[in-house]
file model-v6.pdb (PDB, C-alpha atoms, pLDDT in the B column)
ATOM      1  CA  MET A  26       0.000   0.000   0.000  1.00 55.00           C
ATOM      2  CA  ALA A  27       2.969   2.260   0.442  1.00 59.00           C
ATOM      3  CA  ASP A  28       3.656   2.128  -3.302  1.00 74.00           C
ATOM      4  CA  GLU A  29       0.159   3.240  -4.227  1.00 79.00           C
ATOM      5  CA  PRO A  30      -0.530   6.964  -4.479  1.00 72.00           C
ATOM      6  CA  SER A  31      -2.987   8.557  -2.110  1.00 80.00           C
ATOM      7  CA  ASN A  32      -6.374   9.838  -3.188  1.00 80.00           C
ATOM      8  CA  GLY A  33      -5.104  13.419  -3.233  1.00 83.00           C
ATOM      9  CA  GLU A  34      -2.168  12.464  -5.447  1.00 84.00           C
ATOM     10  CA  LEU A  35      -4.490  10.543  -7.761  1.00 81.00           C
ATOM     11  CA  GLY A  36      -6.743  13.600  -8.003  1.00 85.00           C
ATOM     12  CA  ARG A  37      -3.786  15.834  -8.852  1.00 86.00           C
ATOM     13  CA  LEU A  38      -2.506  13.342 -11.443  1.00 85.00           C
ATOM     14  CA  ILE A  39      -5.962  13.026 -13.021  1.00 87.00           C
ATOM     15  CA  GLY A  40      -6.299  16.837 -13.064  1.00 87.00           C
ATOM     16  CA  ALA A  41      -2.890  17.226 -14.709  1.00 87.00           C
ATOM     17  CA  LEU A  42      -3.735  14.510 -17.236  1.00 87.00           C
ATOM     18  CA  GLN A  43      -7.092  16.135 -17.939  1.00 89.00           C
ATOM     19  CA  ALA A  44      -5.443  19.573 -18.416  1.00 87.00           C
ATOM     20  CA  THR A  45      -2.882  18.041 -20.788  1.00 88.00           C
ATOM     21  CA  LEU A  46      -5.623  16.284 -22.757  1.00 87.00           C
ATOM     22  CA  ASP A  47      -7.715  19.455 -22.877  1.00 85.00           C
ATOM     23  CA  SER A  48      -4.796  21.487 -24.272  1.00 86.00           C
ATOM     24  CA  ARG A  49      -4.017  18.782 -26.829  1.00 87.00           C
ATOM     25  CA  PHE A  50      -7.652  18.475 -27.878  1.00 85.00           C
ATOM     26  CA  SER A  51      -7.966  22.250 -28.230  1.00 85.00           C
ATOM     27  CA  GLU A  52      -4.782  22.234 -30.345  1.00 83.00           C
ATOM     28  CA  LEU A  53      -6.196  19.380 -32.437  1.00 82.00           C
ATOM     29  CA  ASN A  54      -9.531  21.207 -32.829  1.00 80.00           C
ATOM     30  CA  SER A  55      -7.792  24.385 -33.956  1.00 78.00           C
ATOM     31  CA  ARG A  56      -5.860  22.386 -36.525  1.00 75.00           C
ATOM     32  CA  LEU A  57      -9.013  20.595 -37.683  1.00 74.00           C
ATOM     33  CA  ASP A  58     -10.684  23.976 -38.127  1.00 70.00           C
ATOM     34  CA  LYS A  59      -7.919  24.885 -40.551  1.00 70.00           C
ATOM     35  CA  VAL A  60      -8.020  21.619 -42.512  1.00 69.00           C
ATOM     36  CA  VAL A  61     -10.261  21.750 -45.574  1.00 68.00           C
ATOM     37  CA  SER A  62     -12.570  18.824 -46.035  1.00 75.00           C
ATOM     38  CA  LEU A  63     -12.454  16.806 -49.243  1.00 78.00           C
ATOM     39  CA  ASP A  64     -15.952  17.998 -50.207  1.00 81.00           C
ATOM     40  CA  VAL A  65     -14.958  21.640 -49.870  1.00 80.00           C
ATOM     41  CA  TYR A  66     -11.744  20.991 -51.825  1.00 82.00           C
ATOM     42  CA  THR A  67     -13.695  19.228 -54.596  1.00 88.00           C
ATOM     43  CA  ILE A  68     -16.246  22.038 -54.799  1.00 91.00           C
ATOM     44  CA  GLN A  69     -13.504  24.657 -54.850  1.00 91.00           C
ATOM     45  CA  THR A  70     -11.541  22.769 -57.515  1.00 92.00           C
ATOM     46  CA  THR A  71     -14.660  22.404 -59.659  1.00 95.00           C
ATOM     47  CA  HIS A  72     -15.416  26.117 -59.288  1.00 95.00           C
ATOM     48  CA  VAL A  73     -11.843  27.057 -60.225  1.00 95.00           C
ATOM     49  CA  GLU A  74     -11.956  24.787 -63.289  1.00 96.00           C
ATOM     50  CA  GLN A  75     -15.299  26.273 -64.378  1.00 97.00           C
ATOM     51  CA  ARG A  76     -13.998  29.802 -63.865  1.00 96.00           C
ATOM     52  CA  LEU A  77     -10.837  29.010 -65.852  1.00 97.00           C
ATOM     53  CA  ALA A  78     -12.937  27.580 -68.683  1.00 96.00           C
ATOM     54  CA  GLN A  79     -15.107  30.701 -68.631  1.00 97.00           C
ATOM     55  CA  LEU A  80     -12.039  32.951 -68.665  1.00 96.00           C
ATOM     56  CA  GLN A  81     -10.539  30.984 -71.549  1.00 96.00           C
ATOM     57  CA  GLY A  82     -13.794  31.455 -73.449  1.00 96.00           C
ATOM     58  CA  ASP A  83     -13.705  35.180 -72.663  1.00 96.00           C
ATOM     59  CA  ILE A  84     -10.101  35.403 -73.843  1.00 96.00           C
ATOM     60  CA  GLN A  85     -10.975  33.595 -77.068  1.00 97.00           C
ATOM     61  CA  ARG A  86     -13.974  35.882 -77.618  1.00 97.00           C
ATOM     62  CA  CYS A  87     -11.814  38.963 -77.003  1.00 96.00           C
ATOM     63  CA  ALA A  88      -9.177  37.665 -79.425  1.00 96.00           C
ATOM     64  CA  THR A  89     -11.864  37.089 -82.069  1.00 97.00           C
ATOM     65  CA  GLU A  90     -13.332  40.551 -81.492  1.00 96.00           C
ATOM     66  CA  ARG A  91      -9.847  42.085 -81.701  1.00 96.00           C
ATOM     67  CA  GLU A  92      -9.202  40.322 -85.015  1.00 97.00           C
ATOM     68  CA  GLN A  93     -12.553  41.539 -86.352  1.00 97.00           C
ATOM     69  CA  LEU A  94     -11.744  45.062 -85.208  1.00 97.00           C
ATOM     70  CA  GLU A  95      -8.341  44.896 -86.902  1.00 96.00           C
ATOM     71  CA  ASP A  96     -10.009  43.673 -90.108  1.00 97.00           C
ATOM     72  CA  ARG A  97     -12.577  46.469 -89.964  1.00 97.00           C
ATOM     73  CA  PHE A  98      -9.819  49.010 -89.335  1.00 97.00           C
ATOM     74  CA  ALA A  99      -7.827  47.694 -92.314  1.00 97.00           C
ATOM     75  CA  ASP A 100     -11.004  47.925 -94.454  1.00 97.00           C
ATOM     76  CA  TYR A 101     -11.562  51.473 -93.194  1.00 97.00           C
ATOM     77  CA  GLN A 102      -7.984  52.444 -94.057  1.00 97.00           C
ATOM     78  CA  ARG A 103      -8.324  50.915 -97.528  1.00 97.00           C
ATOM     79  CA  ASP A 104     -11.671  52.652 -98.124  1.00 97.00           C
ATOM     80  CA  GLU A 105     -10.272  55.951 -96.834  1.00 96.00           C
ATOM     81  CA  ALA A 106      -7.271  55.657 -99.169  1.00 96.00           C
ATOM     82  CA  LYS A 107      -9.617  54.973-102.106  1.00 96.00           C
ATOM     83  CA  ARG A 108     -11.808  57.932-101.143  1.00 96.00           C
ATOM     84  CA  ARG A 109      -8.800  60.247-100.893  1.00 96.00           C
ATOM     85  CA  GLU A 110      -7.506  59.052-104.260  1.00 96.00           C
ATOM     86  CA  ALA A 111     -10.912  59.620-105.875  1.00 95.00           C
ATOM     87  CA  GLU A 112     -11.092  63.060-104.268  1.00 95.00           C
ATOM     88  CA  ARG A 113      -7.591  63.887-105.494  1.00 94.00           C
ATOM     89  CA  GLN A 114      -8.491  62.817-109.029  1.00 92.00           C
ATOM     90  CA  ALA A 115     -11.721  64.840-108.905  1.00 91.00           C
ATOM     91  CA  ARG A 116      -9.792  67.952-107.856  1.00 91.00           C
ATOM     92  CA  LEU A 117      -7.222  67.338-110.556  1.00 89.00           C
ATOM     93  CA  TYR A 118      -9.953  67.004-113.199  1.00 88.00           C
ATOM     94  CA  GLN A 119     -11.671  70.120-111.824  1.00 89.00           C
ATOM     95  CA  LEU A 120      -8.412  71.982-112.374  1.00 88.00           C
ATOM     96  CA  ILE A 121      -7.389  70.455-115.716  1.00 90.00           C
ATOM     97  CA  VAL A 122     -10.758  70.648-117.554  1.00 88.00           C
ATOM     98  CA  PRO A 123     -11.120  74.455-117.273  1.00 89.00           C
ATOM     99  CA  VAL A 124      -7.466  74.933-118.222  1.00 88.00           C
ATOM    100  CA  VAL A 125      -7.888  72.669-121.278  1.00 89.00           C
ATOM    101  CA  ILE A 126     -11.094  74.481-122.261  1.00 92.00           C
ATOM    102  CA  CYS A 127      -9.309  77.804-121.881  1.00 91.00           C
ATOM    103  CA  LEU A 128      -6.397  76.582-124.009  1.00 91.00           C
ATOM    104  CA  VAL A 129      -8.725  75.171-126.684  1.00 92.00           C
ATOM    105  CA  SER A 130     -10.690  78.434-126.697  1.00 92.00           C
ATOM    106  CA  SER A 131      -7.465  80.397-127.009  1.00 92.00           C
ATOM    107  CA  VAL A 132      -6.219  78.191-129.843  1.00 90.00           C
ATOM    108  CA  ILE A 133      -9.552  78.536-131.672  1.00 92.00           C
ATOM    109  CA  ALA A 134      -9.517  82.303-131.140  1.00 90.00           C
ATOM    110  CA  ILE A 135      -5.946  82.581-132.406  1.00 91.00           C
ATOM    111  CA  TRP A 136      -6.689  80.325-135.350  1.00 91.00           C
ATOM    112  CA  ALA A 137      -9.767  82.407-136.193  1.00 87.00           C
ATOM    113  CA  VAL A 138      -7.675  85.577-136.123  1.00 87.00           C
ATOM    114  CA  VAL A 139      -4.881  84.016-138.157  1.00 88.00           C
ATOM    115  CA  ALA A 140      -7.310  82.492-140.661  1.00 83.00           C
ATOM    116  CA  LYS A 141      -8.847  85.898-141.619  1.00 77.00           C
TER     117      LYS A 141
END
call {"tool": "encode", "arguments": {"input": "model-v6.pdb", "output": "structure tokens"}}
result
Amino acid sequence: MADEPSNGELGRLIGALQATLDSRFSELNSRLDKVVSLDVYTIQTTHVEQRLAQLQGDIQRCATEREQLEDRFADYQRDEAKRREAERQARLYQLIVPVVICLVSSVIAIWAVVAK
């Protein structure tokens, strides 16, 4: 009986053991709170994959729209160059036709005077 602890010592030992277990369980609970469950991980992974697929679609759509915009801009530049060329030719003809008429009139007038 001398080797056995007294009731008071047993109470202290049980209290110390219970305090140690409580601190370890609280540490374990705090770690478990931080661990993500497999369901949450699967849902999150699925959401990320869906979002990536959506973003890839958006990127593809933007690339297609950019190409269309570049094509329309090239068409606009080509049409603008044609319009400017036509306008330049129209101005040139507007200048040349009166000068040619004036020259022809002058030649006819001189010829009429010389022919008399």
call {"tool": "axis_aligned_box", "arguments": {"input": "model-v6.pdb", "around": "segment 41-58 of chain A", "padding_each_side": "3 Å", "output": "JSON"}}
result
{"center_x": -6.8, "center_y": 19.4, "center_z": -26.4, "size_x": 13.8, "size_y": 15.9, "size_z": 29.4}
call {"tool": "atom_distance", "arguments": {"input": "model-v6.pdb", "atom1": "atom CA of Leu80 of chain A", "atom2": "atom CA of Thr67 of chain A"}}
result
19.7 Å
call {"tool": "atom_distance", "arguments": {"input": "model-v6.pdb", "atom1": "atom CA of Arg49 of chain A", "atom2": "atom CA of Glu34 of chain A"}}
result
22.4 Å
call {"tool": "atom_distance", "arguments": {"input": "model-v6.pdb", "atom1": "atom CA of Gln81 of chain A", "atom2": "atom CA of Gln93 of chain A"}}
result
18.3 Å
